[in-house]
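Enquirer: Before I ask anything, here is the structure I am working with.
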Amino acid sequence: MPAKLAASAPNGSDNPQKRKASSVLPSRSQNSFSSGRGRGGYASKRQKLGDARTIASQASDAALSNGELDLQAFLKAREFEIKALEKNMQNAKSMRNERAHQQVPRDMRRRTASHNVKRVPKRMRNRAEREMKDDNTPTVSARTRKPGSSRARLRAETAKRLESLAAKKKAARQTQGETAKDHGIETRAARPKIRTDKLNDPSKPKAKFRKRQINKTWLPTHMWHAKRATMTEPKNPLWRFAMPLTSTEKSYRPTHRASGGRGAIAWDTSYMSTLRLHGPAGNLEKVLRGLGLIKEDLWGPQGENWRQGKRSWSGWLSRSDKGAQTRIGPATAIWSSVRPHTQVEGDLEKPEKPGSSQSIFLRVHPAIFLETWNEVLRLSKQQRPAVHAEDLRFEIGSIEITGPASTETLLGILHPYEDKGGFIEKHGSIFSSLAGVSNPASLPVNSLLSFSIQDPRLRYPSRTIALPDPADDNASFELLQTLADWPADTSPASTDLYDRDSRFRATHLSSQKAINRRKALAPPGGYPSISASDPRIPIMLLASRSNAVTSSQGSWTVLAPWKCILPIWYGLVHYPLSTGGNPRFGGLNEIRQVHFEHGVPWFPADFPGTNGGYTWEINEREKRKSEWDKRPKGKRIEWESLNLGAGRKGELGRGWACDFEWLLRASDTQMKKPVIDSNATTQTTEESTQKLDINETANTSPTLQHLPSHVFKPFLSSSMTSELPANNSVATVRITLISRGLATPCARIYRLPSLTTLQSSDNSACTRLPSNLREQWLSLLPSTSTKAFNPKSKKNSKITAARIPLNTPLQQRVRLLAQSLLDTPPLPYPKPDDAGDHPLCPDEEDCIGFVTTGEFNLAEGKGIAIGSLLARKAVEGLRTEIGGGQEGKLCIVRNAGETVGRLARWEVV
């Protein structure tokens with residue numbers, strides 16, 4: 001049978017292909033061109049590499065003519081093969097080669113590295129220059145580049161005129177200064193003014209950047225972060241600061257590894273607010289007691305180290321509100337038992353009697369600064385003699401670093417100040433002996449080291465320090481002995497950081513040009529010696545440990561003068577770790593991630609019961625509502641049409657918010673589900689006409705009250721007759737999903753429905769939930785029994801089909817499966833289309849809270865969440881007749897806008 005002719009192309013040609021394959025190319029090239037994807041059908045990288053390694057050859061038959069060897073044809077064939085071999089060797093070599101800018105690590109790459117050799121590291125510049133010369137790549141220089149447009153040309157001319165004008169003004173100032181010196185007039189830099197009992201303004205920025213900081217303040221490392229991180233919007237700062245949110249490169253997994261596995265991660269936390277209280281010790285104690293520091297351990301013999309400035313204190317502040325204590329937020333208190341040596345009054349310095357007055361540093365989050373400041377002023381005015389407060393927000397900055405290499409990094413960049421006599425402060429010597437500590441939590445609780453360091457730029461770039469050998473028993477024993485004895489408790493701490501003059505002198509750092517000249521004069525491999533003009537930089541190191549559930553990795557906090565943070569930061573992020581690489585930097589998202597993976601709630605997002613947390617929730621719901629409005633109607637969730645099954649329509653509360661306002665009203669009045677208008681920002685009900693504006697920007701929460709864990713736990717273990725928490729009390733919990741799935745922010749948290757609730761729901765016209773809904777959810781619990789199946793045992797009749805062991809005989813398996821089907825008949829109620837085999841979620845009266853933070857936890861390998869529960873409803877669920885014990889702490893988590901719930905377990909944190 002003859003072969004069928006190919007069908008002709010639509011355009012009349014005999015070849016149906018879009019392009020005709022060249023008959024000269026080999027078959028492999030034809031396939032690569034015809035089946036290639038992208039860029040006009042070129043071959044893939046793997047195919048190009050294979051073609052480069054394929055050596056063209058010529059058969060020897062062409063050199064034979066009638067059985068005789070044609071010498072000329074034979075030599076040409078061999079010449080062709082030799083040239084093909086040489087060409088193939090060159091092609092194969094070039095195919096595997098990478099340009100110099102392509103061998104730079106991804107986090108060091110720049111967009112201009114391919115055409116500017118100055119953008120690659122110095123060790124690769126010679127190679128990059130050769131490659132650019134061979135490829136004839138044009139080199140771009142910003143200084144010699146001509147403006148491409150009229151606007152750029154005008155800007156360049158204006159900049160040139162301004163530069164000449166600035167040079168003339170600078171020369172005039174220098175002339176005036178020399179004239180003043182000739183007349184015997186000496187000037188000094190003005191010391192920043194710090195007002196007492198009044199808020200202080202940040203230092204005046206340079207004229208070049210002044211307009212950019214009208215409504216906000218830059219952190220000391222703003223210029224460094226602005227090039228490497230995603231910052232807050234210029235017109236929408238956070239806590240009146242331009243904050244770095246996250247790194248511009250992928251950092252979720254690297255952050256997880258650096259914080260707990262290998263390396264370190266650091267944050268510029270200079271946005272944390274610092275207050276200084278000074279006055280008589282007795283009056284300071286009264287002020288601190290009024291702020292919630294009422295534990296007798298702090299004022300008894302156990303708190304002596306804290307009151308002497310040898311330890312720090314971390315806890316929660318509170319204020320008195322109509323006889324009840326209202327929680328403010330977390331804080332750190334550092335006590336100095338020694339007042340600065342002198343007190344400045346005008347132009348005179350009068351010595352002050354030692355012990356007459358004491359000082360305390362109080363560090364709080366900026367979200368609660370004003371609330372704390374007002375409460376401190378109220379309490380201080382009640383004291384006689386009065387206690388004075390100073391606002392040091394822009395005087396003292398801080399850096400936080402965590403990870404196994406955090407101690408090594410600080411040892412490599414913080415060098416204690418050594419005077420000409422070789423004297424080093426005791427705390428500085430103790431800090432230098434901590435080499436080998438891989439976890440700051442191994443230090444005593446709330447340890448504190450205070451000493452002075454030299455300018456970190458004198459030893460930049462940093463060098464990897466020598467760590468003790470883990471196999472060296474003597475070094476390990478000495479380190480353990482130091483941590484056990486902790487000689488810092490018996491050594492005086494430096495108080496220079498409390499002194500205003502010491503902080504001001506520390507900011508008189510040498511210029512970078514002067515530092516470079518001194519480094520050039522130093523011997524090869526050496527550092528420049530310390531001169532008399534080098535200031536002492538007072539710092540304070542705080543070692544803290546978190547109440548982590550899954551990890552005990554601690555962190556270091558470095559307190560230093562505001563203007564000294566940037567030199568420390570440069571040395572920190574460029575320190576070469578002994579394990580390779582450099583410490584990472586993080587933003588606000590990375591802080592939340594580290595807290596989340598450790599199972600610790602992060603303030604203020606996870607504490608909506610406080611004023612700071614409520615304000616955060618208001619801002620977040622505004623963002624979610626704005627994103628929801630931007631979506632077209634066909635691609636966004638319609639909250640009022642959400643089908644929850646059993647005749648229930650509509651989301652509980654506002655789907656874009658942790659709607660505790662709705663939850664409180666539903667709990668107090670036990671009203672029906674409200675009608676939600678997705679196109680409006682208000683919500684009305686049948687029994688309440690109160691309007692809830694999501695655009696509200698109030699700084700106070702009128703209803704919610706945060707319930708601390710030590711107060712909430714006794715309610716969980718109390719009897720049925722004891723009293724319940726207040727209606728507006730909110731407790732923070734940690735939620736662990738038992739099965740698969742993830743809980744996202746704003747997810748609804750339900751308690752397991754009780755029999756009373758299910759029986760009452762049968763009489764409802766709008767909601768009919770099955771009477772065995774509780775048993776359906778409990779059946780999802782994984783079986784913990786590992787015993788073999790015994791067919792003769794009577795206990796096997798209680799085993800459901802979902803829990804039948806694998807070693808059950810076939811006949812017994814069939815009988816149990818049939819019994820389970822008879823015990824659980826088909827559900828006579830409608831279910832959502834996407835619910836599948838999942839049980840229905842409980843009704844709105846069993847909703848007890850919302851998820852504030854939730855995602856996949858890399859530390860545990862499953863989804864967890866941090867949520868807030870209405871304490872009264874949670875306790876009621878525990879005290880039901882069948883809800884005690886471990887079943888009472890089971891909950892159901894349903895993401896906003898979804899119909900499927902997930903079984904989970906909660907615990908107080």
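By convention here, the chains of the structure tokens are called A, B, ... in the order presented, each chain's residues are numbered starting at 1, and ligands are numbered starting at 1 in the order presented.
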Region 461-604 of chain A: which residues are strand (DSSP E) by DSSP, as a PyMOL selection string?
Expert: chain A and resi 537-544+555-561+584-585
Enquirer: Just write the chosen residues, N, CA and C atoms, as an mmCIF file, in the first residue's frame.
Expert:
data_model
loop_
_atom_site.group_PDB
_atom_site.id
_atom_site.type_symbol
_atom_site.label_atom_id
_atom_site.label_comp_id
_atom_site.auth_asym_id
_atom_site.auth_seq_id
_atom_site.Cartn_x
_atom_site.Cartn_y
_atom_site.Cartn_z
ATOM 1 N N ILE A 537 33.247 54.851 73.990
ATOM 2 C CA ILE A 537 31.830 54.666 73.639
ATOM 3 C C ILE A 537 31.188 53.791 74.714
ATOM 4 N N PRO A 538 30.330 54.350 75.564
ATOM 5 C CA PRO A 538 29.687 53.521 76.602
ATOM 6 C C PRO A 538 28.592 52.649 75.987
ATOM 7 N N ILE A 539 28.581 51.387 76.316
ATOM 8 C CA ILE A 539 27.557 50.459 75.835
ATOM 9 C C ILE A 539 27.036 49.642 77.005
ATOM 10 N N MET A 540 25.936 48.983 76.763
ATOM 11 C CA MET A 540 25.335 48.090 77.745
ATOM 12 C C MET A 540 24.822 46.865 77.002
ATOM 13 N N LEU A 541 25.182 45.689 77.466
ATOM 14 C CA LEU A 541 24.775 44.428 76.846
ATOM 15 C C LEU A 541 23.776 43.729 77.755
ATOM 16 N N LEU A 542 22.627 43.386 77.180
ATOM 17 C CA LEU A 542 21.581 42.682 77.912
ATOM 18 C C LEU A 542 21.390 41.312 77.288
ATOM 19 N N ALA A 543 21.560 40.268 78.068
ATOM 20 C CA ALA A 543 21.316 38.895 77.608
ATOM 21 C C ALA A 543 19.930 38.478 78.077
ATOM 22 N N SER A 544 19.092 38.094 77.146
ATOM 23 C CA SER A 544 17.710 37.748 77.478
ATOM 24 C C SER A 544 17.380 36.378 76.932
ATOM 25 N N SER A 555 18.981 35.973 73.077
ATOM 26 C CA SER A 555 19.382 37.090 72.229
ATOM 27 C C SER A 555 20.176 38.088 73.054
ATOM 28 N N TRP A 556 20.946 38.908 72.332
ATOM 29 C CA TRP A 556 21.713 40.008 72.901
ATOM 30 C C TRP A 556 21.080 41.317 72.471
ATOM 31 N N THR A 557 21.062 42.291 73.381
ATOM 32 C CA THR A 557 20.624 43.646 73.071
ATOM 33 C C THR A 557 21.750 44.599 73.428
ATOM 34 N N VAL A 558 22.187 45.387 72.452
ATOM 35 C CA VAL A 558 23.285 46.334 72.630
ATOM 36 C C VAL A 558 22.688 47.736 72.718
ATOM 37 N N LEU A 559 22.907 48.407 73.840
ATOM 38 C CA LEU A 559 22.500 49.800 74.020
ATOM 39 C C LEU A 559 23.726 50.683 73.861
ATOM 40 N N ALA A 560 23.608 51.724 73.069
ATOM 41 C CA ALA A 560 24.732 52.631 72.808
ATOM 42 C C ALA A 560 24.163 53.991 72.441
ATOM 43 N N PRO A 561 24.984 55.042 72.484
ATOM 44 C CA PRO A 561 24.509 56.351 72.005
ATOM 45 C C PRO A 561 23.993 56.277 70.581
ATOM 46 N N ARG A 584 23.042 37.950 59.068
ATOM 47 C CA ARG A 584 21.958 38.499 58.281
ATOM 48 C C ARG A 584 21.321 39.666 59.032
ATOM 49 N N PHE A 585 20.581 40.451 58.300
ATOM 50 C CA PHE A 585 19.805 41.514 58.922
ATOM 51 C C PHE A 585 18.327 41.236 58.694
#
Enquirer: Between CA of Ala743 (chain A) and CA of Val900 (chain A), measure the distance and give it in Å to one decimal.
Expert: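 It comes out at 11.3 Å.
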Enquirer: What's the separation between CA of Thr255 (chain A) and CA of Asn446 (chain A), in Å to one decimal place?
Expert: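 These two atoms are separated by 24.8 Å.
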Enquirer: Work out how far CA of Ser251 (chain A) is from CA of Asn589 (chain A), in Å to one decimal.
Expert: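 CA of Asn589 (chain A) sits 9.9 Å away from CA of Ser251 (chain A).
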Enquirer: Can you tell me, as a VMD selection string, what residues are no more than 7 Å from region 361-369 of chain A when counting only C-alpha atoms, ignoring any on the same chain fewer than 5 positions away?
Expert: chain A and resid 239 271 to 277 328 to 335 612
Enquirer: Write out, as a PDB file, in the first residue's frame, the residues just selected, with C-alpha atoms.
Expert:
ATOM      1  CA  TRP A 239       5.248  54.689  65.004  1.00  0.00           C
ATOM      2  CA  TYR A 271      12.928  52.678  67.514  1.00  0.00           C
ATOM      3  CA  MET A 272      12.485  51.262  71.025  1.00  0.00           C
ATOM      4  CA  SER A 273      11.790  54.149  73.393  1.00  0.00           C
ATOM      5  CA  THR A 274      14.031  54.791  76.393  1.00  0.00           C
ATOM      6  CA  LEU A 275      12.997  56.810  79.450  1.00  0.00           C
ATOM      7  CA  ARG A 276      15.239  57.850  82.323  1.00  0.00           C
ATOM      8  CA  LEU A 277      13.750  58.267  85.780  1.00  0.00           C
ATOM      9  CA  ILE A 328       0.038  48.571  79.150  1.00  0.00           C
ATOM     10  CA  GLY A 329       2.704  46.395  77.523  1.00  0.00           C
ATOM     11  CA  PRO A 330       6.123  44.752  77.955  1.00  0.00           C
ATOM     12  CA  ALA A 331       9.080  46.767  79.208  1.00  0.00           C
ATOM     13  CA  THR A 332      12.643  46.425  80.469  1.00  0.00           C
ATOM     14  CA  ALA A 333      13.874  48.225  83.591  1.00  0.00           C
ATOM     15  CA  ILE A 334      17.574  48.756  84.307  1.00  0.00           C
ATOM     16  CA  TRP A 335      18.564  50.269  87.636  1.00  0.00           C
ATOM     17  CA  GLY A 612      -1.101  49.322  71.440  1.00  0.00           C
TER      18      GLY A 612
END
Enquirer: Can you work out which one of A:Leu85, A:Ala466, A:Ile866, A:Ala190 has the shortest atom-to-atom distance to Phe603 (chain A), counting only C-alpha atoms?
Expert: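 Among A:Leu85, A:Ala466, A:Ile866, A:Ala190, it is A:Ile866 that comes nearest to Phe603 (chain A).
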Enquirer: Report the residues of region 266-408 of chain A whose backbone DSSP state falls under helix (DSSP H, G or I), written as a ChimeraX atom specification.
Expert: /A:281-290,296-299,301-307,366-380,406-408
